[in-house]
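Structure first, then comments.
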Amino acid sequence: MVGYDAAIGLAYPEEEQKRLTAIRVTSGGTANLKKEQIASLDSVIRRLELDTERKRVQFRPGFEAFAACHQLADWEGWYSPHDEATYLQVLQKIRKEDIVLDIGAGDLRLALRMAEQAQRVYAVEVNPLVVGAALQTIGFHLPRNVQVVCANALDFSLPAGITVGVLLMRHCWHFGRYFDRLCAAGCRRLLTNVRWKDGVEEIDLTAPRLPFEQVLDGWYACRCGTVGYVGSGACVDALPVEVALCPACLPKPEEGAIGL
Ligand SMILES: C[S@@+](CC[C@H](N)C(=O)[O-])C[C@H]1O[C@@H](n2cnc3c(N)ncnc32)[C@H](O)[C@@H]1O
């Protein structure tokens with residue numbers, strides 16, 4: 001059996017529809033959506049998945065110069081979606097009162113899903129080809145509570161009231177700057193896979209941070225994005241300690257302090 005969304009002309013298998021709906025139910029979303037709205041959104045997301053895979057914009061001529069102009073290093077500017085498990089880890093932590101800042105929102109597939117659960121989502125994506133194509137695909141299905149900004153998130157003035165930042169970007173060289181900007185905007189939580197790469201952590205941006213020297217044996221995680229272990233290895237199972245300033249934050253002779 002195949003489903004069909006006339007609004008965007010997309011056919012999709014019924015099993016896929018059931019899978020997507022089940023994910024929403026288990027992640028607590030869609031409380032206020034009608035069945036038809038859920039089906040439309042699922043179709044849009046499926047279409048985004050297919051389109052994005054076909055386009056692979058990072059291989060287009062001109063991309064390298066564009067990335068360099070935005071000081072995006074290495075893979076940082078590549079659009080590469082995350083897997084369902086990673087998205088679910090984020091979705092499970094989005095609350096209905098949240099105002100979300102999705103940093104590097106890619107083709108907006110996660111932003112659309114977060115918008116089902118949150119008060120509002122600001123989706124910021126630097127790559128106009130990724131976000132432009134996504135908006136064309138989404139068309140009139142763009143929910144009212146999603147505001148899409150095509151900009152470098154390092155330049156963009158953060159709106160008031162953001163409660164949670166979402167930063168899914170394993171190859172991120174600017175973690176400390178995002179961290180500081182979110183704190184300055186009064187945001188309290190950050191959901192990210194940048195520091196530990198494997199899985200999504202929820203960082204309390206308001207939590208006190210220990211001086212690095214006080215970590216005698218154990219894991220640490222720094223606001224600059226560095227993680228590591230100090231000591232003998234006797235405490236490998238203990239939770240990491242949040243530190244304010246680690247050796248990686250110290251200015252190199254030829255540059256200023258990292259992340260400021
Ligand atoms: C690994 S992809 C992840 C996309 C999306 N978060 C997801 O999980 O599906 C990283 C995205 O971040 C965007 N990006 C990287 N640096 C950015 C910046 N400074 N401002 C806005 N977007 C950025 C890239 O263009 C890319 O689309």
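Naming works like this for the structure tokens: A, B, ... for the chains as they're shown, residue 1 at the start of each chain, ligands 1 onward in shown order.
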Tell me, as a VMD selection string, which residues lie within 9 Å of Leu154 of chain A, counting only C-alpha atoms; anything in the same chain fewer than 5 positions away does not count. chain A and resid 174 177 to 178 181
Please extract the residues of segment 17-182 of chain A with a backbone DSSP assignment of helix (DSSP H, G or I) and present them as a PyMOL selection string. chain A and resi 17-26+35-55+57-59+63-69+84-91+109-115+128-141+175-182
Report the closest atom pair, with its distance in Å rounded to one decimal, for each residue of chain A that has an atom no farther than 6 Å from ligand 1; count only C-alpha atoms and all ligand atoms, sort by chain and then rising residue number, and write it as CSV.
residue,atom,partner,partner_atom_place_in_ligand_line,distance
A:Glu76,CA,ligand 1,15 (C),5.1
A:Gly77,CA,ligand 1,24 (C),4.2
A:Trp78,CA,ligand 1,26 (C),5.0
A:Tyr79,CA,ligand 1,27 (O),3.7
A:Ser80,CA,ligand 1,2 (S),4.4
A:Pro81,CA,ligand 1,9 (O),3.7
A:His82,CA,ligand 1,8 (O),4.6
A:Ile103,CA,ligand 1,21 (C),5.8
A:Gly104,CA,ligand 1,12 (O),3.2
A:Ala105,CA,ligand 1,6 (N),4.4
A:Gly106,CA,ligand 1,27 (O),3.7
A:Val124,CA,ligand 1,21 (C),5.4
A:Glu125,CA,ligand 1,22 (N),3.8
A:Val126,CA,ligand 1,21 (C),3.9
A:Asn127,CA,ligand 1,25 (O),4.9
A:Ala151,CA,ligand 1,21 (C),5.9
A:Asn152,CA,ligand 1,20 (N),3.6
A:Ala153,CA,ligand 1,20 (N),3.7
A:Leu154,CA,ligand 1,19 (N),5.2
A:Leu168,CA,ligand 1,6 (N),4.7
A:Met169,CA,ligand 1,1 (C),4.5
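Using only C-alpha atoms, the shortest contact distance between Arg189 of chain A and any of A:Ile94, A:Ser40, A:His70, A:Leu250 is found at A:Ile94.
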Near segment 213-227 of chain A, counting only C-alpha atoms, which residues have an atom at most 12 Å away, once you skip same-chain residues fewer than 6 positions from it, shown as a JSON list (two decimals) with C-alpha atoms, in the first residue's frame?
[["chain", "number", "residue", "atom", "x", "y", "z"],
["A", 167, "LEU", "CA", 23.67, 22.31, 17.96],
["A", 169, "MET", "CA", 27.35, 19.44, 14.30],
["A", 170, "ARG", "CA", 30.08, 16.92, 15.10],
["A", 171, "HIS", "CA", 32.68, 18.86, 13.11],
["A", 172, "CYS", "CA", 32.21, 22.17, 14.89],
["A", 173, "TRP", "CA", 35.13, 24.52, 15.46],
["A", 174, "HIS", "CA", 33.14, 27.30, 17.07],
["A", 175, "PHE", "CA", 31.49, 25.59, 20.04],
["A", 176, "GLY", "CA", 32.84, 28.12, 22.58],
["A", 177, "ARG", "CA", 31.41, 31.03, 20.62],
["A", 178, "TYR", "CA", 27.96, 29.45, 20.37],
["A", 179, "PHE", "CA", 28.13, 28.62, 24.07],
["A", 180, "ASP", "CA", 28.98, 32.20, 25.02],
["A", 181, "ARG", "CA", 26.40, 33.73, 22.70],
["A", 182, "LEU", "CA", 23.62, 31.52, 24.08],
["A", 183, "CYS", "CA", 24.62, 32.36, 27.67],
["A", 190, "LEU", "CA", 22.06, 23.42, 25.08],
["A", 192, "THR", "CA", 24.48, 19.09, 21.41],
["A", 193, "ASN", "CA", 26.64, 16.29, 20.07],
["A", 194, "VAL", "CA", 29.66, 18.54, 19.55],
["A", 195, "ARG", "CA", 31.67, 17.72, 22.66],
["A", 196, "TRP", "CA", 31.25, 13.97, 23.05],
["A", 197, "LYS", "CA", 30.37, 13.23, 19.37],
["A", 201, "GLU", "CA", 24.11, 15.75, 25.90],
["A", 203, "ILE", "CA", 24.22, 21.12, 29.01],
["A", 204, "ASP", "CA", 22.92, 23.35, 31.79],
["A", 205, "LEU", "CA", 24.33, 26.69, 30.68],
["A", 206, "THR", "CA", 23.69, 28.20, 34.10],
["A", 207, "ALA", "CA", 25.54, 25.51, 36.10],
["A", 233, "GLY", "CA", 42.21, 6.63, 35.33],
["A", 234, "ALA", "CA", 40.68, 5.53, 38.63],
["A", 235, "CYS", "CA", 37.41, 7.39, 37.98],
["A", 236, "VAL", "CA", 36.57, 6.58, 34.38],
["A", 237, "ASP", "CA", 32.96, 5.74, 35.28],
["A", 238, "ALA", "CA", 32.29, 9.04, 37.07],
["A", 239, "LEU", "CA", 30.28, 11.77, 35.34],
["A", 240, "PRO", "CA", 32.32, 14.54, 33.70],
["A", 241, "VAL", "CA", 32.89, 17.78, 35.57],
["A", 242, "GLU", "CA", 32.07, 21.09, 33.86],
["A", 243, "VAL", "CA", 35.10, 23.40, 33.90],
["A", 244, "ALA", "CA", 35.43, 27.08, 33.08],
["A", 245, "LEU", "CA", 38.87, 27.26, 31.59],
["A", 246, "CYS", "CA", 40.95, 24.32, 30.40],
["A", 247, "PRO", "CA", 44.46, 24.22, 28.90],
["A", 248, "ALA", "CA", 42.95, 24.36, 25.39],
["A", 249, "CYS", "CA", 41.39, 27.76, 26.19],
["A", 250, "LEU", "CA", 44.76, 29.38, 26.82],
["A", 257, "ALA", "CA", 41.82, 33.53, 23.54],
["A", 258, "ILE", "CA", 39.83, 30.75, 21.89],
["A", 259, "GLY", "CA", 36.11, 31.21, 21.55],
["A", 260, "LEU", "CA", 35.90, 34.87, 22.52]]
Shell around segment 131-147 of chain A at 6 Å using only C-alpha atoms, local window under 5 positions removed, as a PyMOL selection string: chain A and resi 44+107+120-122
Please produce a file of the residues just selected, as a PDB file, in the first residue's frame, where the atoms kept are N, CA and C atoms.
ATOM      1  N   VAL A  44       6.310  15.748   3.918  1.00  0.00           N
ATOM      2  CA  VAL A  44       7.288  16.803   3.648  1.00  0.00           C
ATOM      3  C   VAL A  44       8.674  16.350   4.092  1.00  0.00           C
ATOM      4  N   ASP A 107      18.398  21.073   6.249  1.00  0.00           N
ATOM      5  CA  ASP A 107      17.185  21.123   5.422  1.00  0.00           C
ATOM      6  C   ASP A 107      15.917  21.200   6.276  1.00  0.00           C
ATOM      7  N   ARG A 120       8.099  27.739  19.791  1.00  0.00           N
ATOM      8  CA  ARG A 120       8.624  28.361  18.569  1.00  0.00           C
ATOM      9  C   ARG A 120      10.012  27.802  18.271  1.00  0.00           C
ATOM     10  N   VAL A 121      10.357  27.770  16.993  1.00  0.00           N
ATOM     11  CA  VAL A 121      11.698  27.343  16.592  1.00  0.00           C
ATOM     12  C   VAL A 121      12.285  28.392  15.652  1.00  0.00           C
ATOM     13  N   TYR A 122      13.453  28.904  16.013  1.00  0.00           N
ATOM     14  CA  TYR A 122      14.241  29.712  15.087  1.00  0.00           C
ATOM     15  C   TYR A 122      15.259  28.763  14.458  1.00  0.00           C
TER      16      TYR A 122
END
Which residue is closest to Leu101 of chain A? Choose from A:Ala185, A:Val200, A:Ala67, A:Leu72 and count only C-alpha atoms. A:Ala185
